[in-house]
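So this block is data05.pdb, PDB, C-alpha atoms:
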ATOM      1  CA  MET S 242      67.001  76.138 -44.058
ATOM      2  CA  LYS S 243      64.249  73.726 -43.075
ATOM      3  CA  LEU S 244      60.676  74.821 -42.499
ATOM      4  CA  LEU S 245      61.033  74.014 -38.810
ATOM      5  CA  THR S 246      63.914  76.502 -38.604
ATOM      6  CA  HIS S 247      61.897  79.103 -40.477
ATOM      7  CA  ASN S 248      59.205  78.633 -37.848
ATOM      8  CA  LEU S 249      61.573  79.992 -35.198
ATOM      9  CA  LEU S 250      62.871  82.987 -37.137
ATOM     10  CA  SER S 251      61.360  86.440 -37.014
ATOM     11  CA  SER S 252      62.292  89.850 -38.362
ATOM     12  CA  HIS S 253      64.162  91.996 -35.849
ATOM     13  CA  VAL S 254      64.141  95.225 -37.772
ATOM     14  CA  PRO S 255      63.797  97.964 -35.125
ATOM     15  CA  GLY S 256      60.522  99.811 -34.713
ATOM     16  CA  LEU S 257      58.093  97.035 -35.589
ATOM     17  CA  ARG S 258      54.724  96.752 -33.882
ATOM     18  CA  PRO S 259      54.663  94.330 -30.913
ATOM     19  CA  GLY S 260      54.435  90.807 -32.267
ATOM     20  CA  GLY S 261      55.387  92.070 -35.703
ATOM     21  CA  GLY S 262      57.931  90.638 -38.086
ATOM     22  CA  PHE S 263      56.496  87.132 -37.950
ATOM     23  CA  PRO S 264      56.151  84.981 -39.907
ATOM     24  CA  LEU S 265      58.774  85.838 -42.496
ATOM     25  CA  LYS S 266      57.629  85.259 -46.032
ATOM     26  CA  ILE S 267      59.710  82.652 -47.826
ATOM     27  CA  GLU S 268      60.564  83.688 -51.358
ATOM     28  CA  LEU S 269      61.758  80.896 -53.592
ATOM     29  CA  GLY S 270      62.869  80.770 -57.147
ATOM     30  CA  HIS S 271      59.804  78.690 -58.025
ATOM     31  CA  PRO S 272      56.198  78.390 -56.853
ATOM     32  CA  SER S 273      55.278  76.179 -53.900
ATOM     33  CA  GLU S 274      53.520  72.866 -54.426
ATOM     34  CA  LEU S 275      51.103  73.545 -51.593
ATOM     35  CA  PRO S 276      47.746  75.286 -51.875
ATOM     36  CA  PRO S 277      47.511  78.689 -50.112
ATOM     37  CA  GLU S 278      45.165  77.401 -47.380
ATOM     38  CA  PRO S 279      44.697  73.929 -45.925
ATOM     39  CA  LEU S 280      41.763  72.193 -47.632
ATOM     40  CA  PRO S 281      38.791  71.149 -45.515
ATOM     41  CA  ASP S 282      39.196  67.506 -44.382
ATOM     42  CA  TYR S 283      42.882  67.700 -45.172
ATOM     43  CA  GLU S 284      43.602  64.846 -42.761
ATOM     44  CA  ALA S 285      41.994  62.476 -45.213
ATOM     45  CA  ASN S 286      43.416  64.034 -48.345
ATOM     46  CA  GLU S 287      46.283  61.714 -49.263
ATOM     47  CA  GLU S 288      47.711  63.945 -51.961
ATOM     48  CA  PHE S 289      47.744  66.982 -49.707
ATOM     49  CA  LEU S 290      49.333  65.043 -46.843
ATOM     50  CA  ARG S 291      52.009  63.751 -49.158
ATOM     51  CA  ARG S 292      52.865  67.270 -50.264
ATOM     52  CA  LEU S 293      52.761  68.579 -46.697
ATOM     53  CA  HIS S 294      55.085  65.849 -45.473
ATOM     54  CA  HIS S 295      57.449  66.643 -48.294
ATOM     55  CA  VAL S 296      57.601  70.329 -47.491
ATOM     56  CA  LEU S 297      57.951  69.855 -43.737
ATOM     57  CA  LEU S 298      60.515  67.109 -43.693
ATOM     58  CA  GLU S 299      62.161  66.808 -47.061
ATOM     59  CA  VAL S 300      62.631  70.332 -48.324
ATOM     60  CA  GLU S 301      65.366  72.794 -47.466
ATOM     61  CA  VAL S 302      65.577  76.254 -48.919
ATOM     62  CA  LEU S 303      69.081  76.661 -50.338
ATOM     63  CA  GLU S 304      68.710  79.942 -52.198
ATOM     64  CA  GLY S 305      66.000  82.507 -51.679
ATOM     65  CA  SER S 306      65.032  85.162 -49.192
ATOM     66  CA  LEU S 307      62.896  85.837 -46.137
ATOM     67  CA  GLN S 308      60.752  88.950 -46.236
ATOM     68  CA  CYS S 309      59.609  90.828 -43.136
ATOM     69  CA  PRO S 310      55.796  91.099 -43.344
ATOM     70  CA  ASP S 311      55.809  94.542 -41.702
ATOM     71  CA  SER S 312      58.828  96.358 -43.085
ATOM     72  CA  GLY S 313      59.349  94.496 -46.345
ATOM     73  CA  ARG S 314      63.019  94.094 -45.506
ATOM     74  CA  ARG S 315      64.517  91.015 -47.137
ATOM     75  CA  PHE S 316      67.004  88.674 -45.504
ATOM     76  CA  PRO S 317      68.929  86.538 -48.004
ATOM     77  CA  ILE S 318      69.313  82.765 -47.791
ATOM     78  CA  SER S 319      72.367  81.340 -49.505
ATOM     79  CA  ARG S 320      73.716  77.786 -49.348
ATOM     80  CA  GLY S 321      70.910  76.946 -46.985
ATOM     81  CA  VAL S 322      71.985  79.643 -44.500
ATOM     82  CA  PRO S 323      69.789  82.670 -43.732
ATOM     83  CA  ASN S 324      71.769  85.839 -43.086
ATOM     84  CA  MET S 325      69.809  87.803 -40.512
ATOM     85  CA  LEU S 326      72.444  90.472 -39.826
ATOM     86  CA  LEU S 327      71.169  94.029 -39.715
ATOM     87  CA  THR S 328      73.306  96.802 -41.145
ATOM     88  CA  GLU S 329      75.016  99.338 -38.857
ATOM     89  CA  GLU S 330      72.306 101.867 -39.697
ATOM     90  CA  GLU S 331      69.456  99.506 -38.940
ATOM     91  CA  ALA S 332      70.671  98.099 -35.639
TER      92      ALA S 332
ATOM     93  CA  VAL Q 263      69.416  75.574 -34.397
ATOM     94  CA  GLY Q 264      72.648  77.550 -34.131
ATOM     95  CA  CYS Q 265      73.803  81.042 -34.926
ATOM     96  CA  ASP Q 266      77.034  83.024 -35.131
ATOM     97  CA  ARG Q 267      78.226  86.457 -36.186
ATOM     98  CA  SER Q 268      80.607  85.016 -38.752
ATOM     99  CA  LYS Q 269      78.996  84.103 -42.090
ATOM    100  CA  ASN Q 270      81.981  81.965 -43.018
ATOM    101  CA  LEU Q 271      81.708  79.899 -39.872
ATOM    102  CA  VAL Q 272      77.961  79.480 -40.288
ATOM    103  CA  ASP Q 273      78.493  78.387 -43.904
ATOM    104  CA  ILE Q 274      80.605  75.530 -42.552
ATOM    105  CA  CYS Q 275      77.637  74.498 -40.391
ATOM    106  CA  GLY Q 276      75.496  74.551 -43.521
ATOM    107  CA  GLU Q 277      77.965  72.317 -45.358
ATOM    108  CA  LYS Q 278      77.637  69.821 -42.529
ATOM    109  CA  HIS Q 279      73.845  69.977 -42.846
ATOM    110  CA  PHE Q 280      73.250  71.644 -39.496
ATOM    111  CA  GLN Q 281      70.532  74.262 -39.199
ATOM    112  CA  ALA Q 282      72.186  77.626 -38.550
ATOM    113  CA  PHE Q 283      71.860  81.309 -39.389
ATOM    114  CA  VAL Q 284      73.970  84.455 -39.198
ATOM    115  CA  CYS Q 285      73.136  87.079 -36.616
ATOM    116  CA  ASP Q 286      74.528  89.295 -33.878
ATOM    117  CA  ALA Q 287      74.163  88.095 -30.288
ATOM    118  CA  LEU Q 288      72.829  91.523 -29.352
ATOM    119  CA  SER Q 289      69.862  91.115 -31.690
ATOM    120  CA  VAL Q 290      68.735  87.535 -32.245
ATOM    121  CA  PRO Q 291      65.936  87.153 -34.821
ATOM    122  CA  ILE Q 292      63.873  84.732 -32.771
ATOM    123  CA  ARG Q 293      60.584  85.515 -31.064
ATOM    124  CA  SER Q 294      60.653  86.137 -27.339
ATOM    125  CA  GLY Q 295      59.865  83.168 -25.166
ATOM    126  CA  SER Q 296      60.177  80.589 -27.910
ATOM    127  CA  CYS Q 297      63.144  78.539 -26.678
ATOM    128  CA  ASP Q 298      63.172  75.761 -24.110
ATOM    129  CA  ALA Q 299      66.924  76.067 -23.768
ATOM    130  CA  CYS Q 300      69.810  78.151 -25.054
ATOM    131  CA  ILE Q 301      73.545  77.836 -24.844
ATOM    132  CA  SER Q 302      76.172  80.525 -25.186
ATOM    133  CA  ILE Q 303      79.606  78.959 -25.281
ATOM    134  CA  ALA Q 304      82.660  81.184 -25.458
ATOM    135  CA  VAL Q 305      80.753  84.103 -26.942
ATOM    136  CA  ILE Q 306      80.099  86.757 -24.317
ATOM    137  CA  HIS Q 307      83.772  87.207 -23.494
ATOM    138  CA  HIS Q 308      84.277  88.764 -26.932
ATOM    139  CA  PHE Q 309      82.131  91.790 -26.131
ATOM    140  CA  SER Q 310      84.202  94.766 -25.170
ATOM    141  CA  THR Q 311      82.088  96.567 -22.566
ATOM    142  CA  ALA Q 312      80.208  95.485 -19.465
ATOM    143  CA  GLU Q 313      77.115  97.082 -20.954
ATOM    144  CA  ARG Q 314      77.278  94.961 -24.103
ATOM    145  CA  ARG Q 315      78.018  91.790 -22.160
ATOM    146  CA  LEU Q 316      74.944  92.418 -20.006
ATOM    147  CA  ALA Q 317      72.877  93.174 -23.105
ATOM    148  CA  THR Q 318      73.899  89.849 -24.616
ATOM    149  CA  ILE Q 319      72.720  87.967 -21.535
ATOM    150  CA  ARG Q 320      69.498  89.968 -21.498
ATOM    151  CA  GLU Q 321      68.912  89.017 -25.143
ATOM    152  CA  LEU Q 322      69.588  85.353 -24.349
ATOM    153  CA  ALA Q 323      67.053  85.513 -21.520
ATOM    154  CA  ARG Q 324      64.480  87.111 -23.817
ATOM    155  CA  LEU Q 325      64.505  84.040 -26.058
ATOM    156  CA  LEU Q 326      63.642  81.663 -23.198
ATOM    157  CA  ARG Q 327      60.130  80.663 -22.258
ATOM    158  CA  PRO Q 328      59.297  80.835 -18.540
ATOM    159  CA  GLY Q 329      61.076  77.873 -16.943
ATOM    160  CA  GLY Q 330      63.474  77.615 -19.849
ATOM    161  CA  THR Q 331      67.201  77.303 -19.100
ATOM    162  CA  ALA Q 332      70.406  78.805 -20.428
ATOM    163  CA  LEU Q 333      74.011  77.629 -20.164
ATOM    164  CA  ILE Q 334      76.774  80.201 -20.438
ATOM    165  CA  TYR Q 335      80.525  79.502 -20.666
ATOM    166  CA  VAL Q 336      83.131  82.266 -20.663
ATOM    167  CA  TRP Q 337      86.904  82.224 -20.319
ATOM    168  CA  ALA Q 338      88.176  82.663 -16.772
ATOM    169  CA  MET Q 339      90.921  84.994 -15.702
ATOM    170  CA  GLU Q 340      91.960  82.266 -13.289
ATOM    171  CA  GLN Q 341      93.551  79.567 -15.412
ATOM    172  CA  GLU Q 342      94.803  77.836 -12.303
ATOM    173  CA  TYR Q 343      92.049  77.070  -9.841
ATOM    174  CA  LYS Q 344      92.146  75.052  -6.618
ATOM    175  CA  ASN Q 345      95.796  74.255  -7.351
ATOM    176  CA  GLN Q 346      94.906  72.660 -10.655
ATOM    177  CA  LYS Q 347      96.157  74.114 -13.908
ATOM    178  CA  SER Q 348      93.612  74.186 -16.702
ATOM    179  CA  LYS Q 349      94.200  72.189 -19.895
ATOM    180  CA  TYR Q 350      95.001  75.489 -21.565
ATOM    181  CA  LEU Q 351      98.070  75.981 -19.407
ATOM    182  CA  ARG Q 352      99.013  72.315 -19.262
ATOM    183  CA  GLU Q 353      99.044  71.881 -23.039
ATOM    184  CA  LYS Q 354     101.842  74.428 -23.533
ATOM    185  CA  ASN Q 355     104.248  73.067 -26.166
ATOM    186  CA  GLY Q 356     102.107  69.956 -26.140
ATOM    187  CA  SER Q 357     100.484  67.726 -28.720
ATOM    188  CA  LYS Q 358     100.477  68.395 -32.448
ATOM    189  CA  ASN Q 359      97.776  70.518 -33.990
ATOM    190  CA  LYS Q 360      95.137  68.490 -35.747
ATOM    191  CA  ASP Q 361      93.234  71.261 -37.380
ATOM    192  CA  LYS Q 362      95.119  74.472 -37.773
ATOM    193  CA  GLU Q 363      92.153  76.516 -38.875
ATOM    194  CA  MET Q 364      90.142  75.638 -35.808
ATOM    195  CA  ASN Q 365      88.773  78.719 -34.211
ATOM    196  CA  THR Q 366      90.054  79.495 -30.752
ATOM    197  CA  GLY Q 367      86.551  80.332 -29.595
ATOM    198  CA  THR Q 368      85.855  76.997 -27.962
ATOM    199  CA  ALA Q 369      84.994  76.512 -24.331
ATOM    200  CA  GLN Q 370      87.663  73.871 -23.926
ATOM    201  CA  ARG Q 371      91.115  75.117 -24.585
ATOM    202  CA  PRO Q 372      92.140  76.045 -28.098
ATOM    203  CA  PHE Q 373      94.868  73.795 -29.390
ATOM    204  CA  SER Q 374      95.745  75.810 -32.425
ATOM    205  CA  ASP Q 375      98.282  78.005 -30.701
ATOM    206  CA  GLN Q 376     100.953  75.656 -29.520
ATOM    207  CA  GLU Q 377     104.162  77.543 -30.176
ATOM    208  CA  PRO Q 378     105.119  80.445 -27.983
ATOM    209  CA  ASP Q 379     105.045  83.376 -30.285
ATOM    210  CA  ASN Q 380     108.224  85.367 -30.537
ATOM    211  CA  SER Q 381     107.638  87.255 -33.747
ATOM    212  CA  ASN Q 382     107.474  91.008 -33.515
ATOM    213  CA  GLN Q 383     103.800  90.908 -34.407
ATOM    214  CA  ASP Q 384     103.219  90.149 -30.762
ATOM    215  CA  SER Q 385     104.630  93.370 -29.448
ATOM    216  CA  ALA Q 386     103.319  94.146 -26.018
ATOM    217  CA  TRP Q 387     101.064  96.975 -27.117
ATOM    218  CA  SER Q 388      98.776  96.844 -30.081
ATOM    219  CA  ASP Q 389      99.419 100.028 -32.013
ATOM    220  CA  GLN Q 390      96.938  99.218 -34.764
ATOM    221  CA  LEU Q 391      94.157  98.806 -32.235
ATOM    222  CA  LEU Q 392      95.107 102.072 -30.598
ATOM    223  CA  LYS Q 393      94.911 103.815 -33.948
ATOM    224  CA  ASP Q 394      91.561 102.166 -34.773
ATOM    225  CA  LEU Q 395      90.102 103.174 -31.415
ATOM    226  CA  LYS Q 396      91.192 106.763 -31.907
ATOM    227  CA  ASP Q 397      89.623 106.826 -35.360
ATOM    228  CA  GLU Q 398      86.333 105.484 -34.060
ATOM    229  CA  SER Q 399      86.084 107.635 -30.998
ATOM    230  CA  CYS Q 400      84.654 110.709 -32.757
ATOM    231  CA  GLY Q 401      82.170 112.222 -30.365
ATOM    232  CA  ALA Q 402      82.769 109.590 -27.709
ATOM    233  CA  LYS Q 403      85.099 109.773 -24.743
ATOM    234  CA  PRO Q 404      88.744 110.158 -25.724
ATOM    235  CA  VAL Q 405      90.619 106.873 -25.511
ATOM    236  CA  ALA Q 406      94.064 108.372 -25.850
ATOM    237  CA  ASP Q 407      95.838 106.058 -23.437
ATOM    238  CA  PHE Q 408      93.743 102.952 -23.846
ATOM    239  CA  ARG Q 409      95.926 100.029 -24.844
ATOM    240  CA  LEU Q 410      95.245  96.350 -24.801
ATOM    241  CA  PRO Q 411      98.014  93.938 -23.954
ATOM    242  CA  VAL Q 412      98.630  91.117 -26.390
ATOM    243  CA  HIS Q 413      98.514  87.786 -24.651
ATOM    244  CA  THR Q 414     101.147  85.077 -24.868
ATOM    245  CA  ASN Q 415      99.188  81.915 -25.551
ATOM    246  CA  ARG Q 416      99.148  79.172 -22.976
ATOM    247  CA  THR Q 417     100.230  81.443 -20.144
ATOM    248  CA  SER Q 418      98.210  82.971 -17.328
ATOM    249  CA  PHE Q 419      96.190  86.087 -17.978
ATOM    250  CA  HIS Q 420      97.573  89.290 -16.477
ATOM    251  CA  SER Q 421      94.754  91.553 -17.519
ATOM    252  CA  GLN Q 422      91.028  91.077 -17.873
ATOM    253  CA  ASP Q 423      90.900  92.884 -21.195
ATOM    254  CA  LEU Q 424      93.339  91.693 -23.786
ATOM    255  CA  LEU Q 425      94.029  90.522 -27.315
ATOM    256  CA  VAL Q 426      94.697  86.837 -27.902
ATOM    257  CA  PRO Q 427      96.715  85.908 -30.979
ATOM    258  CA  TRP Q 428      95.377  83.372 -33.408
ATOM    259  CA  HIS Q 429      97.721  81.922 -35.987
ATOM    260  CA  LEU Q 430      96.105  81.006 -39.273
ATOM    261  CA  LYS Q 431      98.466  78.436 -40.708
ATOM    262  CA  SER Q 432      98.474  77.977 -44.477
ATOM    263  CA  GLY Q 433      98.110  74.642 -46.239
ATOM    264  CA  ALA Q 434      97.400  72.660 -43.123
ATOM    265  CA  LYS Q 435      93.974  71.135 -43.706
ATOM    266  CA  LYS Q 436      92.841  67.644 -42.765
ATOM    267  CA  LYS Q 437      95.824  65.406 -42.207
ATOM    268  CA  GLU Q 438      94.412  62.776 -44.582
ATOM    269  CA  GLU Q 439      94.564  65.123 -47.541
ATOM    270  CA  SER Q 440      97.821  65.473 -49.365
ATOM    271  CA  VAL Q 441      98.517  69.145 -49.385
ATOM    272  CA  ASP Q 442     100.414  71.277 -51.823
ATOM    273  CA  THR Q 443     102.427  73.191 -49.312
ATOM    274  CA  VAL Q 444     104.984  75.676 -50.408
ATOM    275  CA  LEU Q 445     108.026  75.460 -48.218
ATOM    276  CA  VAL Q 446     108.643  78.930 -46.927
ATOM    277  CA  PRO Q 447     111.210  79.860 -44.337
ATOM    278  CA  SER Q 448     109.469  80.898 -41.159
ATOM    279  CA  GLY Q 449     109.842  84.530 -40.204
ATOM    280  CA  SER Q 450     110.211  85.555 -43.853
ATOM    281  CA  LYS Q 451     107.864  88.085 -45.394
ATOM    282  CA  GLU Q 452     106.177  85.324 -47.388
ATOM    283  CA  SER Q 453     105.697  83.309 -44.260
ATOM    284  CA  GLN Q 454     104.025  86.219 -42.505
ATOM    285  CA  GLU Q 455     101.640  86.704 -45.410
ATOM    286  CA  LEU Q 456     100.784  83.010 -45.608
ATOM    287  CA  ASN Q 457     100.536  82.621 -41.838
ATOM    288  CA  PRO Q 458      98.851  85.772 -40.614
ATOM    289  CA  VAL Q 459      98.288  86.372 -36.936
ATOM    290  CA  PHE Q 460      94.927  87.748 -35.893
ATOM    291  CA  HIS Q 461      94.359  89.437 -32.568
ATOM    292  CA  ARG Q 462      91.023  88.634 -31.030
ATOM    293  CA  TYR Q 463      89.591  90.673 -28.197
ATOM    294  CA  TYR Q 464      88.704  88.925 -24.948
ATOM    295  CA  HIS Q 465      87.388  90.111 -21.631
ATOM    296  CA  VAL Q 466      88.240  87.236 -19.291
ATOM    297  CA  PHE Q 467      85.994  86.930 -16.266
ATOM    298  CA  CYS Q 468      86.971  86.882 -12.608
ATOM    299  CA  GLU Q 469      85.434  84.519 -10.098
ATOM    300  CA  GLY Q 470      81.878  85.599  -9.382
ATOM    301  CA  GLU Q 471      81.743  88.167 -12.165
ATOM    302  CA  LEU Q 472      79.538  86.239 -14.584
ATOM    303  CA  GLU Q 473      77.216  85.246 -11.778
ATOM    304  CA  ALA Q 474      76.961  88.849 -10.602
ATOM    305  CA  VAL Q 475      76.079  90.092 -14.076
ATOM    306  CA  CYS Q 476      73.345  87.445 -14.343
ATOM    307  CA  ARG Q 477      71.994  88.273 -10.887
ATOM    308  CA  SER Q 478      71.552  91.876 -11.940
ATOM    309  CA  LEU Q 479      68.762  90.706 -14.288
ATOM    310  CA  ASP Q 480      65.289  90.329 -12.795
ATOM    311  CA  CYS Q 481      64.025  87.916 -15.410
ATOM    312  CA  VAL Q 482      66.374  85.019 -14.654
ATOM    313  CA  LYS Q 483      67.571  83.080 -11.645
ATOM    314  CA  VAL Q 484      71.054  81.588 -11.304
ATOM    315  CA  ARG Q 485      70.557  77.860 -10.810
ATOM    316  CA  LYS Q 486      74.190  76.790 -10.906
ATOM    317  CA  SER Q 487      77.535  78.505 -11.016
ATOM    318  CA  TYR Q 488      80.833  76.637 -11.448
ATOM    319  CA  TYR Q 489      84.340  76.483 -12.898
ATOM    320  CA  ASP Q 490      85.223  74.101 -15.705
ATOM    321  CA  GLN Q 491      88.652  73.842 -17.330
ATOM    322  CA  GLY Q 492      89.485  77.513 -17.392
ATOM    323  CA  ASN Q 493      85.887  78.668 -17.875
ATOM    324  CA  TRP Q 494      83.364  80.285 -15.550
ATOM    325  CA  CYS Q 495      79.929  78.816 -16.152
ATOM    326  CA  VAL Q 496      76.352  79.518 -15.141
ATOM    327  CA  ILE Q 497      73.037  77.818 -15.628
ATOM    328  CA  LEU Q 498      70.135  80.251 -15.637
ATOM    329  CA  GLU Q 499      66.407  79.707 -15.424
ATOM    330  CA  LYS Q 500      63.918  82.156 -16.925
ATOM    331  CA  LEU Q 501      61.389  83.326 -14.385
TER     332      LEU Q 501
END

Structure re-expressed in C-alpha cells:
Amino acid sequence: MKLLTHNLLSSHVPGLRPGGGFPLKIELGHPSELPPEPLPDYEANEEFLRRLHHVLLEVEVLEGSLQCPDSGRRFPISRGVPNMLLTEEEA
Amino acid sequence: VGCDRSKNLVDICGEKHFQAFVCDALSVPIRSGSCDACISIAVIHHFSTAERRLATIRELARLLRPGGTALIYVWAMEQEYKNQKSKYLREKNGSKNKDKEMNTGTAQRPFSDQEPDNSNQDSAWSDQLLKDLKDESCGAKPVADFRLPVHTNRTSFHSQDLLVPWHLKSGAKKKEESVDTVLVPSGSKESQELNPVFHRYYHVFCEGELEAVCRSLDCVKVRKSYYDQGNWCVILEKL
C-alpha cells in the first residue's frame, strides 16, 4: 500500500460521526523516519525533503495495520494489501 | 486503485504491484466525493436482489465528486442482439483455454468454460443452494420453492437469475511452465475432486433494466447507455 492509496482510504465502521474515520493511522513494525509535524521552512530543508520524497514515492507498507481514529478498529495490511472487510456483525 | 470482495484475487493484484484493497461493494472504505471516476465491471450482476444491486450503484455514486463519472458493465440476458451473436455464444467449443484459473467475472466473455458440461454436477436444479437458502431463511420469508437453474455455458440465458458453472481445472497454469500433472480419467472421483465445479450466482440484465435502476437515483444522470458484446453498459455522471 502506497501513501497515495492510504490517502483515499477511510474507516467505514458504522456509527461514526460525520467526516469521521479519516485519516486512518498507519501502524508499522518500526518507527517512521519523518518528524511528527512539518518543520518551518521545510521547502528549503534538503534532508526533510529527501525523507518526504522517500515516504511518498518509494515506500509501500507490506505488513502493518490501519487504525480508525474514532473507533480504534484495526484493518490489517498483509502483502501490501489492506483488508477493509467488515465482519457480518459490524456491517 | 482497485478493490474486490475476494482477498485471494486482490492478493494477485498485489503480486503484480497494483494498488488494491479488499472490501465489499456495498460498503467501500473511501470518503464520499473523492473520486473523479469509478468503474464497476461485471460486479453488480452478482448481487442477488434488486435492493442490493441498487445499493451498490448508490455506493458507487457516493464515491464520485460532482461531475465525476462512472462506467458500469453487467451481463445481458440478451446474448444475441441486433442479429449478432455475442462472443460468448460464438466461442462455443472454440479456441483452447489459455489460463484455466481465469475468473469468469470479466466483462468480455469468459473463455474458461469451453466444454459443454454433461456431468451430473450440472443437474437442472441446485439442491445444495435450495438447502442453504432454507437454512438461512430463519425469520425471513419462506423460500420453499425457490430454485435457481444451472446454466449451460455458452448458450443463451433462459432465466434472469441463475447459477453459472465455473470449472477450476487442476495443474493447468501458464503454458510456458512445465507442469506436474497427474493423469486422471475424467469423470472419476479423483477427477471431480481435482477439477471442482463452482456455481456462481448471476442476475443477468434485460434491455433497459440497468438504465432504469440508475435513473431511479437522484444523484446521478445517465450520460450513455449501450450494449457491448453481451453486456449492458451505462456511463453515469454525478450531479

- Query: Taking only C-alpha atoms into account, what are the residues of chain Q at most 9 Å from chain S, put as number ranges by chain?
  - Reply: Q: 263, 267, 269, 272-273, 275-277, 279-286, 289-293, 296-297

File of the preceding selection, C-alpha atoms, as a JSON list (two decimals), keeping the file's coordinate frame:
[["chain", "number", "residue", "atom", "x", "y", "z"],
["Q", 263, "VAL", "CA", 69.42, 75.57, -34.40],
["Q", 267, "ARG", "CA", 78.23, 86.46, -36.19],
["Q", 269, "LYS", "CA", 79.00, 84.10, -42.09],
["Q", 272, "VAL", "CA", 77.96, 79.48, -40.29],
["Q", 273, "ASP", "CA", 78.49, 78.39, -43.90],
["Q", 275, "CYS", "CA", 77.64, 74.50, -40.39],
["Q", 276, "GLY", "CA", 75.50, 74.55, -43.52],
["Q", 277, "GLU", "CA", 77.96, 72.32, -45.36],
["Q", 279, "HIS", "CA", 73.84, 69.98, -42.85],
["Q", 280, "PHE", "CA", 73.25, 71.64, -39.50],
["Q", 281, "GLN", "CA", 70.53, 74.26, -39.20],
["Q", 282, "ALA", "CA", 72.19, 77.63, -38.55],
["Q", 283, "PHE", "CA", 71.86, 81.31, -39.39],
["Q", 284, "VAL", "CA", 73.97, 84.46, -39.20],
["Q", 285, "CYS", "CA", 73.14, 87.08, -36.62],
["Q", 286, "ASP", "CA", 74.53, 89.30, -33.88],
["Q", 289, "SER", "CA", 69.86, 91.12, -31.69],
["Q", 290, "VAL", "CA", 68.74, 87.54, -32.24],
["Q", 291, "PRO", "CA", 65.94, 87.15, -34.82],
["Q", 292, "ILE", "CA", 63.87, 84.73, -32.77],
["Q", 293, "ARG", "CA", 60.58, 85.52, -31.06],
["Q", 296, "SER", "CA", 60.18, 80.59, -27.91],
["Q", 297, "CYS", "CA", 63.14, 78.54, -26.68]]

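Counting only C-alpha atoms and comparing Q:Asn493, Q:Asn415, Q:Ser487, Q:Ser478, the residue that lies closest to Leu316 (chain Q) is Q:Ser478.
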
- Query: Could you write out as a list in words the residues that the PyMOL selection byres ((chain Q and resi 422) around 7) matches in the shown file?
  - Reply: Met339, His420, Ser421, Asp423, Leu424, His465, Val466 and Phe467 of chain Q

Resulting file, chosen residues, C-alpha atoms, as a PDB file, in the coordinates of the input:
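Dumped to selection05.pdb:
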ATOM      1  CA  MET Q 339      90.921  84.994 -15.702  1.00  0.00           C
ATOM      2  CA  HIS Q 420      97.573  89.290 -16.477  1.00  0.00           C
ATOM      3  CA  SER Q 421      94.754  91.553 -17.519  1.00  0.00           C
ATOM      4  CA  ASP Q 423      90.900  92.884 -21.195  1.00  0.00           C
ATOM      5  CA  LEU Q 424      93.339  91.693 -23.786  1.00  0.00           C
ATOM      6  CA  HIS Q 465      87.388  90.111 -21.631  1.00  0.00           C
ATOM      7  CA  VAL Q 466      88.240  87.236 -19.291  1.00  0.00           C
ATOM      8  CA  PHE Q 467      85.994  86.930 -16.266  1.00  0.00           C
TER       9      PHE Q 467
END

- Note on the structure: re CA of Cys495 (chain Q) and CA of Ala338 (chain Q): distance 9.1 Å

- Selection dump of the PyMOL selection byres ((chain Q and resi 459) around 7), as a ChimeraX atom specification: /Q:427-430,457-458,460-461

- Message: For this structure, which residues satisfy the selection - the PyMOL selection byres ((chain Q and resi 325) around 6) - when it is evaluated on the file as given? I want them as a VMD selection string.
- Response: chain Q and resid 294 to 297 322 to 324 326

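Using all atoms listed in the file for every distance, the candidate list S:Leu244, S:Leu257, S:Ala285, S:Ile267 yields S:Ile267 as the residue closest to Glu304 (chain S).
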
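Relative to CA of His307 (chain Q), CA of Val412 (chain Q) is found at 15.6 Å.
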
- Could you pull out every residue with an atom within 10 Å of (83.0, 81.1, -20.2), file coordinates, counting all atoms listed in the file, and send them as an NGL selection string? :Q and (302-307 or 333-339 or 368-370 or 466-467 or 472 or 489-496)

Find the axis-aligned box for region 422-432 of chain Q, covering all its listed atoms and adding 3 Å on each side, and write its centre and edge lengths in Å to one decimal as lines of an AutoDock Vina configuration file.
center_x = 94.7
center_y = 85.4
center_z = -31.2
size_x = 13.6
size_y = 20.9
size_z = 32.6

- Rounded to one decimal place, report the CA of Val475 (chain Q)-CA of Ala317 (chain Q) distance in Å. 10.1 Å

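Comparing the minimum interatomic distances between Cys309 (chain S) and each of S:Pro259, S:Glu329, S:Leu290, S:Leu265, counting only C-alpha atoms, we find that S:Leu265 sits nearest.
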
- For Lys347 (chain Q), please output as a PyMOL selection string all residues within 10 Å (counting only C-alpha atoms; exclusion window: fewer than 5 positions along the same chain). chain Q and resi 340-342+352-353+418+491-492

Could the residues in this selection be written to a file with C-alpha atoms, as a compact mmCIF listing (two decimals), in the coordinates of the input?
# COMPACT_ATOMS: atom_id res chain seq x y z
CA GLU Q 340 91.96 82.27 -13.29
CA GLN Q 341 93.55 79.57 -15.41
CA GLU Q 342 94.80 77.84 -12.30
CA ARG Q 352 99.01 72.32 -19.26
CA GLU Q 353 99.04 71.88 -23.04
CA SER Q 418 98.21 82.97 -17.33
CA GLN Q 491 88.65 73.84 -17.33
CA GLY Q 492 89.48 77.51 -17.39
